[in-house]
Amino acid sequence: MGKIKCIGEIVLRTIYPQTCPVCGRVLDGDLLSIYIETKAPAAKLGSHSRLICEPCRKKLRLIETKSFKDGKVLFKYEEDMRNILFKLKYAHAAQNADFLGSAMAYHFSDYIKAYDFDAIVPVPLHPARQRTRGYNQAELIAKAVSKHVGVPIRNDIVLRTANTKALKDMNPVQRKNNLKNAFKTTQNVVKLKKILLVDDIITTKSTIDEIKTYLVRSGVETVRFLAVSAREDEEEKKRGGTDYGSKEL
């Protein structure tokens, strides 16, 4: 089955070549080696560099100093990263998740190993929204992380029961009210003690905190999160933005 999947992937990429998630240029490289390094089971850490062209790789900036006590964020929310995430969510560019997830696995591999997580859980979409989009972008990113670090992904642990409004233009109080009773956990969570949540974008972390509350009530002892990027919240915008420091990918 593995060989068949590999051949299928190579045929698919021959018809629809792997492109840079930023500029859209077809990437150079041998199709078989790209598949083995980036998409095959036990894909190589650091292979995210094969999924983006060199000029664009140098433009993306990693956050160095913005941190949370219960999680980590990788990229600054600048124009190129906004475009990558927009295309992933609204332009059917599902392959962008491979790049984002493999980059997160590479840069946060020590963090993931230190906690020895039982499962990686993507932040869920409501079924209606997922049907419209065709997939849950957080789940695709989480699958890429899982493939690189060897921690199983579980999308049956947390379910979204309310089709909530978009949070990006809400204040903290509105966000909290909007998320009330928006999630539920399943009985499958009982045996898991350490869970890593994965999301694409966070602002005030309201969604992560709400899910964390449900998981802890269900008996999970440790909940941490990884996110691709973080928007400035309203207070940061009022201060003219915050320089968190950054470095190249």
# chains A, B, ... in the order shown; residues from 1 in each chain; ligands from 1
>>> select_by_dssp(residues="segment 49-248 of chain A", states="alpha helix (DSSP H)", output="number ranges by chain")
A: 54-59, 79-90, 96-107, 109-115, 127-133, 137-149, 172-178, 206-217, 234-238
>>> residues_around(residues="Ser49 of chain A", least_positions_apart="5", cutoff="9 Å", atoms="only C-alpha atoms", output="ChimeraX atom specification")
/A:54,57,99,102-103,249
>>> write_last_selection(atoms="N, CA and C atoms", output="compact mmCIF listing (two decimals), in the first residue's frame")
# COMPACT_ATOMS: atom_id res chain seq x y z
N GLU A 54 13.59 29.33 -2.38
CA GLU A 54 14.59 29.98 -1.53
C GLU A 54 14.32 31.47 -1.32
N ARG A 57 11.46 31.74 1.13
CA ARG A 57 11.85 31.24 2.46
C ARG A 57 12.53 32.33 3.27
N PHE A 99 3.71 22.38 4.15
CA PHE A 99 4.82 23.27 4.49
C PHE A 99 4.70 23.78 5.92
N SER A 102 5.21 20.90 8.59
CA SER A 102 6.58 20.39 8.67
C SER A 102 7.52 21.44 9.27
N ALA A 103 7.26 22.72 8.99
CA ALA A 103 8.06 23.78 9.61
C ALA A 103 7.85 23.82 11.11
N LEU A 249 13.35 32.02 8.51
CA LEU A 249 12.97 30.62 8.58
C LEU A 249 14.18 29.75 8.26
>>> atom_distance(atom1="atom CA of Leu27 of chain A", atom2="atom CA of Met104 of chain A")
20.4 Å
>>> closest_residue(among="A:Ile211, A:Val123, A:Cys20, A:Ala162", to="Lys87 of chain A", atoms="only C-alpha atoms")
A:Cys20
>>> residues_around(residues="segment 178-186 of chain A", least_positions_apart="5", cutoff="8 Å", atoms="only C-alpha atoms", output="PDB file with all heavy atoms, in the first residue's frame")
ATOM      1  N   ASP A 156     -11.110  12.858  16.853  1.00  0.00           N
ATOM      2  CA  ASP A 156     -12.363  12.402  17.457  1.00  0.00           C
ATOM      3  C   ASP A 156     -12.443  12.764  18.945  1.00  0.00           C
ATOM      4  O   ASP A 156     -13.316  12.265  19.654  1.00  0.00           O
ATOM      5  CB  ASP A 156     -12.496  10.887  17.299  1.00  0.00           C
ATOM      6  CG  ASP A 156     -11.350  10.121  17.970  1.00  0.00           C
ATOM      7  OD1 ASP A 156     -10.266  10.723  18.176  1.00  0.00           O
ATOM      8  OD2 ASP A 156     -11.521   8.933  18.280  1.00  0.00           O
ATOM      9  N   ILE A 157     -11.558  13.614  19.405  1.00  0.00           N
ATOM     10  CA  ILE A 157     -11.480  13.955  20.824  1.00  0.00           C
ATOM     11  C   ILE A 157     -12.326  15.182  21.165  1.00  0.00           C
ATOM     12  O   ILE A 157     -13.050  15.217  22.153  1.00  0.00           O
ATOM     13  CB  ILE A 157     -10.016  14.221  21.233  1.00  0.00           C
ATOM     14  CG1 ILE A 157      -9.164  12.969  21.014  1.00  0.00           C
ATOM     15  CG2 ILE A 157      -9.921  14.691  22.681  1.00  0.00           C
ATOM     16  CD1 ILE A 157      -9.616  11.771  21.788  1.00  0.00           C
ATOM     17  N   VAL A 158     -12.207  16.223  20.328  1.00  0.00           N
ATOM     18  CA  VAL A 158     -12.944  17.462  20.541  1.00  0.00           C
ATOM     19  C   VAL A 158     -13.821  17.717  19.317  1.00  0.00           C
ATOM     20  O   VAL A 158     -13.336  17.685  18.186  1.00  0.00           O
ATOM     21  CB  VAL A 158     -11.991  18.657  20.746  1.00  0.00           C
ATOM     22  CG1 VAL A 158     -12.793  19.944  20.983  1.00  0.00           C
ATOM     23  CG2 VAL A 158     -11.049  18.407  21.910  1.00  0.00           C
ATOM     24  N   LEU A 159     -15.097  17.981  19.550  1.00  0.00           N
ATOM     25  CA  LEU A 159     -16.038  18.250  18.470  1.00  0.00           C
ATOM     26  C   LEU A 159     -16.593  19.658  18.609  1.00  0.00           C
ATOM     27  O   LEU A 159     -16.803  20.149  19.725  1.00  0.00           O
ATOM     28  CB  LEU A 159     -17.196  17.248  18.499  1.00  0.00           C
ATOM     29  CG  LEU A 159     -16.815  15.763  18.477  1.00  0.00           C
ATOM     30  CD1 LEU A 159     -18.059  14.908  18.567  1.00  0.00           C
ATOM     31  CD2 LEU A 159     -16.002  15.417  17.232  1.00  0.00           C
ATOM     32  N   ARG A 160     -16.817  20.305  17.486  1.00  0.00           N
ATOM     33  CA  ARG A 160     -17.411  21.644  17.507  1.00  0.00           C
ATOM     34  C   ARG A 160     -18.912  21.507  17.301  1.00  0.00           C
ATOM     35  O   ARG A 160     -19.363  21.006  16.267  1.00  0.00           O
ATOM     36  CB  ARG A 160     -16.795  22.517  16.413  1.00  0.00           C
ATOM     37  CG  ARG A 160     -17.074  24.005  16.613  1.00  0.00           C
ATOM     38  CD  ARG A 160     -16.034  24.835  15.893  1.00  0.00           C
ATOM     39  NE  ARG A 160     -16.000  26.201  16.380  1.00  0.00           N
ATOM     40  CZ  ARG A 160     -14.915  26.953  16.407  1.00  0.00           C
ATOM     41  NH1 ARG A 160     -13.769  26.454  15.991  1.00  0.00           N
ATOM     42  NH2 ARG A 160     -14.951  28.190  16.847  1.00  0.00           N
ATOM     43  N   THR A 161     -19.684  21.934  18.275  1.00  0.00           N
ATOM     44  CA  THR A 161     -21.133  21.741  18.244  1.00  0.00           C
ATOM     45  C   THR A 161     -21.898  22.991  17.838  1.00  0.00           C
ATOM     46  O   THR A 161     -23.087  22.919  17.547  1.00  0.00           O
ATOM     47  CB  THR A 161     -21.630  21.292  19.630  1.00  0.00           C
ATOM     48  OG1 THR A 161     -21.210  22.246  20.616  1.00  0.00           O
ATOM     49  CG2 THR A 161     -21.054  19.926  19.977  1.00  0.00           C
ATOM     50  N   ALA A 162     -21.229  24.149  17.826  1.00  0.00           N
ATOM     51  CA  ALA A 162     -21.884  25.398  17.440  1.00  0.00           C
ATOM     52  C   ALA A 162     -21.111  26.033  16.295  1.00  0.00           C
ATOM     53  O   ALA A 162     -19.886  26.109  16.329  1.00  0.00           O
ATOM     54  CB  ALA A 162     -21.950  26.365  18.627  1.00  0.00           C
ATOM     55  N   ASN A 163     -21.843  26.486  15.292  1.00  0.00           N
ATOM     56  CA  ASN A 163     -21.219  27.152  14.142  1.00  0.00           C
ATOM     57  C   ASN A 163     -21.059  28.627  14.485  1.00  0.00           C
ATOM     58  O   ASN A 163     -21.860  29.471  14.081  1.00  0.00           O
ATOM     59  CB  ASN A 163     -22.087  26.970  12.892  1.00  0.00           C
ATOM     60  CG  ASN A 163     -21.334  27.294  11.620  1.00  0.00           C
ATOM     61  OD1 ASN A 163     -20.162  27.657  11.662  1.00  0.00           O
ATOM     62  ND2 ASN A 163     -22.008  27.167  10.494  1.00  0.00           N
ATOM     63  N   THR A 164     -20.020  28.928  15.242  1.00  0.00           N
ATOM     64  CA  THR A 164     -19.824  30.266  15.785  1.00  0.00           C
ATOM     65  C   THR A 164     -19.411  31.264  14.714  1.00  0.00           C
ATOM     66  O   THR A 164     -18.903  30.907  13.653  1.00  0.00           O
ATOM     67  CB  THR A 164     -18.731  30.234  16.877  1.00  0.00           C
ATOM     68  OG1 THR A 164     -17.542  29.648  16.338  1.00  0.00           O
ATOM     69  CG2 THR A 164     -19.198  29.422  18.066  1.00  0.00           C
ATOM     70  N   LYS A 165     -19.613  32.539  15.024  1.00  0.00           N
ATOM     71  CA  LYS A 165     -19.185  33.610  14.120  1.00  0.00           C
ATOM     72  C   LYS A 165     -17.669  33.746  14.172  1.00  0.00           C
ATOM     73  O   LYS A 165     -17.026  33.336  15.127  1.00  0.00           O
ATOM     74  CB  LYS A 165     -19.852  34.930  14.534  1.00  0.00           C
ATOM     75  CG  LYS A 165     -21.368  34.924  14.432  1.00  0.00           C
ATOM     76  CD  LYS A 165     -21.937  36.249  14.902  1.00  0.00           C
ATOM     77  CE  LYS A 165     -23.457  36.249  14.827  1.00  0.00           C
ATOM     78  NZ  LYS A 165     -24.038  37.524  15.320  1.00  0.00           N
ATOM     79  N   SER A 206      -8.627  32.712  22.718  1.00  0.00           N
ATOM     80  CA  SER A 206      -9.919  32.356  23.308  1.00  0.00           C
ATOM     81  C   SER A 206     -10.338  30.936  22.960  1.00  0.00           C
ATOM     82  O   SER A 206     -10.817  30.184  23.816  1.00  0.00           O
ATOM     83  CB  SER A 206     -11.003  33.332  22.839  1.00  0.00           C
ATOM     84  OG  SER A 206     -10.681  34.648  23.179  1.00  0.00           O
ATOM     85  N   THR A 207     -10.178  30.553  21.692  1.00  0.00           N
ATOM     86  CA  THR A 207     -10.593  29.212  21.265  1.00  0.00           C
ATOM     87  C   THR A 207      -9.760  28.140  21.949  1.00  0.00           C
ATOM     88  O   THR A 207     -10.296  27.140  22.454  1.00  0.00           O
ATOM     89  CB  THR A 207     -10.463  29.077  19.738  1.00  0.00           C
ATOM     90  OG1 THR A 207     -11.267  30.083  19.110  1.00  0.00           O
ATOM     91  CG2 THR A 207     -10.923  27.705  19.278  1.00  0.00           C
ATOM     92  N   GLU A 210     -10.790  27.834  25.587  1.00  0.00           N
ATOM     93  CA  GLU A 210     -12.098  27.191  25.767  1.00  0.00           C
ATOM     94  C   GLU A 210     -11.968  25.674  25.610  1.00  0.00           C
ATOM     95  O   GLU A 210     -12.510  24.907  26.415  1.00  0.00           O
ATOM     96  CB  GLU A 210     -13.088  27.749  24.744  1.00  0.00           C
ATOM     97  CG  GLU A 210     -14.523  27.297  24.950  1.00  0.00           C
ATOM     98  CD  GLU A 210     -15.185  27.933  26.163  1.00  0.00           C
ATOM     99  OE1 GLU A 210     -14.612  28.885  26.744  1.00  0.00           O
ATOM    100  OE2 GLU A 210     -16.288  27.471  26.536  1.00  0.00           O
ATOM    101  N   ILE A 211     -11.254  25.241  24.583  1.00  0.00           N
ATOM    102  CA  ILE A 211     -11.060  23.801  24.381  1.00  0.00           C
ATOM    103  C   ILE A 211     -10.266  23.207  25.538  1.00  0.00           C
ATOM    104  O   ILE A 211     -10.568  22.103  26.025  1.00  0.00           O
ATOM    105  CB  ILE A 211     -10.340  23.540  23.050  1.00  0.00           C
ATOM    106  CG1 ILE A 211     -11.237  23.960  21.880  1.00  0.00           C
ATOM    107  CG2 ILE A 211      -9.951  22.058  22.915  1.00  0.00           C
ATOM    108  CD1 ILE A 211     -10.560  23.873  20.531  1.00  0.00           C
ATOM    109  N   TYR A 214     -12.480  22.342  28.477  1.00  0.00           N
ATOM    110  CA  TYR A 214     -13.237  21.098  28.276  1.00  0.00           C
ATOM    111  C   TYR A 214     -12.349  19.873  28.480  1.00  0.00           C
ATOM    112  O   TYR A 214     -12.763  18.884  29.103  1.00  0.00           O
ATOM    113  CB  TYR A 214     -13.844  21.062  26.876  1.00  0.00           C
ATOM    114  CG  TYR A 214     -15.096  21.882  26.724  1.00  0.00           C
ATOM    115  CD1 TYR A 214     -15.038  23.225  26.362  1.00  0.00           C
ATOM    116  CD2 TYR A 214     -16.351  21.319  26.928  1.00  0.00           C
ATOM    117  CE1 TYR A 214     -16.182  23.983  26.213  1.00  0.00           C
ATOM    118  CE2 TYR A 214     -17.513  22.067  26.779  1.00  0.00           C
ATOM    119  CZ  TYR A 214     -17.425  23.400  26.426  1.00  0.00           C
ATOM    120  OH  TYR A 214     -18.561  24.152  26.289  1.00  0.00           O
ATOM    121  N   LEU A 215     -11.131  19.925  27.971  1.00  0.00           N
ATOM    122  CA  LEU A 215     -10.233  18.774  28.086  1.00  0.00           C
ATOM    123  C   LEU A 215      -9.828  18.523  29.537  1.00  0.00           C
ATOM    124  O   LEU A 215      -9.805  17.373  29.997  1.00  0.00           O
ATOM    125  CB  LEU A 215      -8.992  18.998  27.220  1.00  0.00           C
ATOM    126  CG  LEU A 215      -9.212  18.929  25.711  1.00  0.00           C
ATOM    127  CD1 LEU A 215      -7.975  19.383  24.964  1.00  0.00           C
ATOM    128  CD2 LEU A 215      -9.601  17.512  25.285  1.00  0.00           C
ATOM    129  N   SER A 218     -12.418  16.885  31.453  1.00  0.00           N
ATOM    130  CA  SER A 218     -12.557  15.482  31.061  1.00  0.00           C
ATOM    131  C   SER A 218     -11.456  14.604  31.604  1.00  0.00           C
ATOM    132  O   SER A 218     -11.445  13.397  31.361  1.00  0.00           O
ATOM    133  CB  SER A 218     -12.593  15.377  29.532  1.00  0.00           C
ATOM    134  OG  SER A 218     -13.697  16.080  29.008  1.00  0.00           O
TER     135      SER A 218
END
>>> closest_residue(among="A:His148, A:Lys76, A:Lys89, A:Lys193", to="Ser109 of chain A", atoms="only C-alpha atoms")
A:His148
>>> atom_distance(atom1="atom CA of Arg224 of chain A", atom2="atom CA of Asp116 of chain A")
11.3 Å
>>> residues_around(residues="Leu60 of chain A", least_positions_apart="2", cutoff="8 Å", atoms="only C-alpha atoms", output="PyMOL selection string")
chain A and resi 56-58+62+75-76+80-81+248-249
>>> write_last_selection(atoms="N, CA, C and O atoms", output="PDB file, in the first residue's frame")
ATOM      1  N   CYS A  56      11.518  33.113  -1.270  1.00  0.00           N
ATOM      2  CA  CYS A  56      10.363  33.289  -0.388  1.00  0.00           C
ATOM      3  C   CYS A  56      10.666  32.789   1.028  1.00  0.00           C
ATOM      4  O   CYS A  56      10.171  33.351   2.010  1.00  0.00           O
ATOM      5  N   ARG A  57      11.457  31.740   1.128  1.00  0.00           N
ATOM      6  CA  ARG A  57      11.847  31.240   2.456  1.00  0.00           C
ATOM      7  C   ARG A  57      12.533  32.329   3.268  1.00  0.00           C
ATOM      8  O   ARG A  57      12.324  32.462   4.474  1.00  0.00           O
ATOM      9  N   LYS A  58      13.338  33.137   2.586  1.00  0.00           N
ATOM     10  CA  LYS A  58      14.090  34.188   3.288  1.00  0.00           C
ATOM     11  C   LYS A  58      13.194  35.348   3.711  1.00  0.00           C
ATOM     12  O   LYS A  58      13.573  36.136   4.580  1.00  0.00           O
ATOM     13  N   LEU A  62      10.236  34.270  11.597  1.00  0.00           N
ATOM     14  CA  LEU A  62       9.797  33.510  12.760  1.00  0.00           C
ATOM     15  C   LEU A  62       9.701  34.426  13.969  1.00  0.00           C
ATOM     16  O   LEU A  62      10.545  35.303  14.178  1.00  0.00           O
ATOM     17  N   PHE A  75       5.212  31.740  13.214  1.00  0.00           N
ATOM     18  CA  PHE A  75       5.467  32.798  12.243  1.00  0.00           C
ATOM     19  C   PHE A  75       4.867  34.133  12.655  1.00  0.00           C
ATOM     20  O   PHE A  75       3.783  34.191  13.237  1.00  0.00           O
ATOM     21  N   LYS A  76       5.544  35.224  12.266  1.00  0.00           N
ATOM     22  CA  LYS A  76       4.955  36.547  12.376  1.00  0.00           C
ATOM     23  C   LYS A  76       3.806  36.636  11.361  1.00  0.00           C
ATOM     24  O   LYS A  76       3.874  36.093  10.266  1.00  0.00           O
ATOM     25  N   ASP A  80       3.134  37.900   3.586  1.00  0.00           N
ATOM     26  CA  ASP A  80       3.320  36.604   2.933  1.00  0.00           C
ATOM     27  C   ASP A  80       2.661  35.472   3.721  1.00  0.00           C
ATOM     28  O   ASP A  80       2.070  34.567   3.127  1.00  0.00           O
ATOM     29  N   MET A  81       2.756  35.519   5.056  1.00  0.00           N
ATOM     30  CA  MET A  81       2.109  34.483   5.866  1.00  0.00           C
ATOM     31  C   MET A  81       0.596  34.621   5.797  1.00  0.00           C
ATOM     32  O   MET A  81      -0.123  33.613   5.737  1.00  0.00           O
ATOM     33  N   GLU A 248      14.952  34.704  10.344  1.00  0.00           N
ATOM     34  CA  GLU A 248      14.564  34.026   9.102  1.00  0.00           C
ATOM     35  C   GLU A 248      14.202  32.582   9.370  1.00  0.00           C
ATOM     36  O   GLU A 248      14.714  31.953  10.296  1.00  0.00           O
ATOM     37  N   LEU A 249      13.348  32.022   8.509  1.00  0.00           N
ATOM     38  CA  LEU A 249      12.974  30.622   8.577  1.00  0.00           C
ATOM     39  C   LEU A 249      14.179  29.746   8.259  1.00  0.00           C
ATOM     40  O   LEU A 249      14.873  29.998   7.290  1.00  0.00           O
TER      41      LEU A 249
END
>>> residues_around(residues="Ala119 of chain A", least_positions_apart="3", cutoff="8 Å", atoms="only C-alpha atoms", output="list in words")
Val151, Pro152, Ile153, Arg154, Leu192, Lys194, Ile195 and Leu196 of chain A
>>> write_last_selection(atoms="all heavy atoms", output="short mmCIF file (atom, residue, chain, number, x, y, z; two decimals), in the first residue's frame")
data_model
loop_
_atom_site.label_atom_id
_atom_site.label_comp_id
_atom_site.auth_asym_id
_atom_site.auth_seq_id
_atom_site.Cartn_x
_atom_site.Cartn_y
_atom_site.Cartn_z
N VAL A 151 3.82 11.51 16.78
CA VAL A 151 2.73 11.54 17.77
C VAL A 151 1.42 11.38 17.01
O VAL A 151 1.17 12.10 16.04
CB VAL A 151 2.72 12.86 18.56
CG1 VAL A 151 1.58 12.88 19.58
CG2 VAL A 151 4.06 13.08 19.25
N PRO A 152 0.55 10.44 17.42
CA PRO A 152 -0.68 10.20 16.66
C PRO A 152 -1.63 11.39 16.70
O PRO A 152 -1.73 12.10 17.69
CB PRO A 152 -1.30 8.98 17.36
CG PRO A 152 -0.70 8.97 18.73
CD PRO A 152 0.68 9.52 18.58
N ILE A 153 -2.32 11.58 15.58
CA ILE A 153 -3.33 12.64 15.51
C ILE A 153 -4.69 12.04 15.85
O ILE A 153 -5.01 10.91 15.46
CB ILE A 153 -3.35 13.30 14.12
CG1 ILE A 153 -4.37 14.45 14.10
CG2 ILE A 153 -3.63 12.30 13.03
CD1 ILE A 153 -4.33 15.27 12.82
N ARG A 154 -5.49 12.80 16.62
CA ARG A 154 -6.84 12.35 16.97
C ARG A 154 -7.82 13.49 16.66
O ARG A 154 -7.74 14.55 17.28
CB ARG A 154 -6.90 11.99 18.46
CG ARG A 154 -6.00 10.83 18.87
CD ARG A 154 -6.55 9.50 18.36
NE ARG A 154 -7.85 9.20 18.90
CZ ARG A 154 -8.04 8.55 20.06
NH1 ARG A 154 -7.01 8.14 20.78
NH2 ARG A 154 -9.26 8.30 20.49
N LEU A 192 -6.32 9.66 27.70
CA LEU A 192 -5.24 10.56 27.28
C LEU A 192 -4.92 11.55 28.39
O LEU A 192 -5.82 12.19 28.93
CB LEU A 192 -5.65 11.31 26.02
CG LEU A 192 -6.00 10.42 24.81
CD1 LEU A 192 -6.48 11.28 23.66
CD2 LEU A 192 -4.81 9.59 24.38
N LYS A 194 -1.90 13.75 28.12
CA LYS A 194 -1.15 14.90 27.61
C LYS A 194 -1.51 15.13 26.15
O LYS A 194 -1.27 14.27 25.30
CB LYS A 194 0.35 14.66 27.76
CG LYS A 194 0.82 14.66 29.21
CD LYS A 194 2.30 14.37 29.34
CE LYS A 194 2.60 12.91 29.12
NZ LYS A 194 4.02 12.58 29.38
N ILE A 195 -2.10 16.30 25.87
CA ILE A 195 -2.60 16.59 24.53
C ILE A 195 -1.97 17.87 23.99
O ILE A 195 -1.83 18.87 24.71
CB ILE A 195 -4.14 16.72 24.54
CG1 ILE A 195 -4.77 15.32 24.63
CG2 ILE A 195 -4.67 17.47 23.32
CD1 ILE A 195 -6.28 15.32 24.69
N LEU A 196 -1.62 17.83 22.71
CA LEU A 196 -1.10 19.00 22.00
C LEU A 196 -2.16 19.47 21.00
O LEU A 196 -2.51 18.75 20.06
CB LEU A 196 0.19 18.65 21.26
CG LEU A 196 0.81 19.76 20.42
CD1 LEU A 196 1.26 20.92 21.31
CD2 LEU A 196 1.97 19.23 19.59
#
>>> decode(residues="segment 130-139 of chain A", atoms="all heavy atoms", output="compact mmCIF listing (two decimals), in the first residue's frame")
# COMPACT_ATOMS: atom_id res chain seq x y z
N GLN A 130 -16.86 22.92 7.57
CA GLN A 130 -15.89 22.00 6.98
C GLN A 130 -16.39 21.47 5.64
O GLN A 130 -15.62 21.29 4.69
CB GLN A 130 -15.57 20.85 7.93
CG GLN A 130 -14.49 19.92 7.42
CD GLN A 130 -13.87 19.09 8.51
OE1 GLN A 130 -13.90 19.46 9.68
NE2 GLN A 130 -13.31 17.96 8.14
N ARG A 131 -17.69 21.21 5.55
CA ARG A 131 -18.24 20.76 4.27
C ARG A 131 -18.08 21.83 3.19
O ARG A 131 -17.76 21.53 2.04
CB ARG A 131 -19.73 20.40 4.43
CG ARG A 131 -19.98 19.07 5.10
CD ARG A 131 -21.43 18.64 4.93
NE ARG A 131 -22.36 19.57 5.57
CZ ARG A 131 -22.76 19.47 6.83
NH1 ARG A 131 -22.30 18.50 7.60
NH2 ARG A 131 -23.61 20.34 7.32
N THR A 132 -18.28 23.08 3.57
CA THR A 132 -18.15 24.18 2.62
C THR A 132 -16.71 24.32 2.14
O THR A 132 -16.44 24.51 0.96
CB THR A 132 -18.62 25.50 3.26
OG1 THR A 132 -19.99 25.38 3.62
CG2 THR A 132 -18.46 26.67 2.29
N ARG A 133 -15.75 24.23 3.09
CA ARG A 133 -14.34 24.41 2.77
C ARG A 133 -13.73 23.17 2.14
O ARG A 133 -12.80 23.26 1.35
CB ARG A 133 -13.58 24.79 4.04
CG ARG A 133 -12.13 25.18 3.83
CD ARG A 133 -11.57 25.84 5.08
NE ARG A 133 -12.28 27.08 5.36
CZ ARG A 133 -12.18 27.75 6.50
NH1 ARG A 133 -11.42 27.28 7.48
NH2 ARG A 133 -12.85 28.88 6.68
N GLY A 134 -14.26 22.01 2.50
CA GLY A 134 -13.73 20.77 1.97
C GLY A 134 -12.77 20.08 2.90
O GLY A 134 -12.45 18.89 2.72
N TYR A 135 -12.29 20.76 3.90
CA TYR A 135 -11.36 20.20 4.88
C TYR A 135 -11.22 21.17 6.05
O TYR A 135 -11.64 22.33 5.97
CB TYR A 135 -9.98 19.93 4.26
CG TYR A 135 -9.38 21.13 3.53
CD1 TYR A 135 -8.80 22.20 4.20
CD2 TYR A 135 -9.40 21.18 2.14
CE1 TYR A 135 -8.25 23.28 3.52
CE2 TYR A 135 -8.85 22.25 1.45
CZ TYR A 135 -8.28 23.30 2.15
OH TYR A 135 -7.75 24.37 1.48
N ASN A 136 -10.63 20.68 7.12
CA ASN A 136 -10.28 21.51 8.26
C ASN A 136 -8.80 21.83 8.15
O ASN A 136 -7.96 20.93 8.25
CB ASN A 136 -10.58 20.77 9.57
CG ASN A 136 -10.09 21.52 10.80
OD1 ASN A 136 -9.62 22.65 10.72
ND2 ASN A 136 -10.19 20.88 11.96
N GLN A 137 -8.45 23.08 7.93
CA GLN A 137 -7.05 23.45 7.71
C GLN A 137 -6.17 23.11 8.92
O GLN A 137 -5.01 22.70 8.76
CB GLN A 137 -6.90 24.92 7.35
CG GLN A 137 -7.15 25.91 8.47
CD GLN A 137 -8.63 26.17 8.72
OE1 GLN A 137 -9.49 25.68 7.97
NE2 GLN A 137 -8.92 26.93 9.75
N ALA A 138 -6.71 23.23 10.13
CA ALA A 138 -5.94 22.89 11.33
C ALA A 138 -5.63 21.39 11.36
O ALA A 138 -4.55 20.97 11.80
CB ALA A 138 -6.70 23.30 12.59
N GLU A 139 -6.56 20.58 10.87
CA GLU A 139 -6.33 19.14 10.83
C GLU A 139 -5.24 18.77 9.83
O GLU A 139 -4.39 17.91 10.10
CB GLU A 139 -7.62 18.41 10.48
CG GLU A 139 -7.48 16.89 10.48
CD GLU A 139 -8.80 16.18 10.22
OE1 GLU A 139 -9.86 16.84 10.32
OE2 GLU A 139 -8.77 14.97 9.91
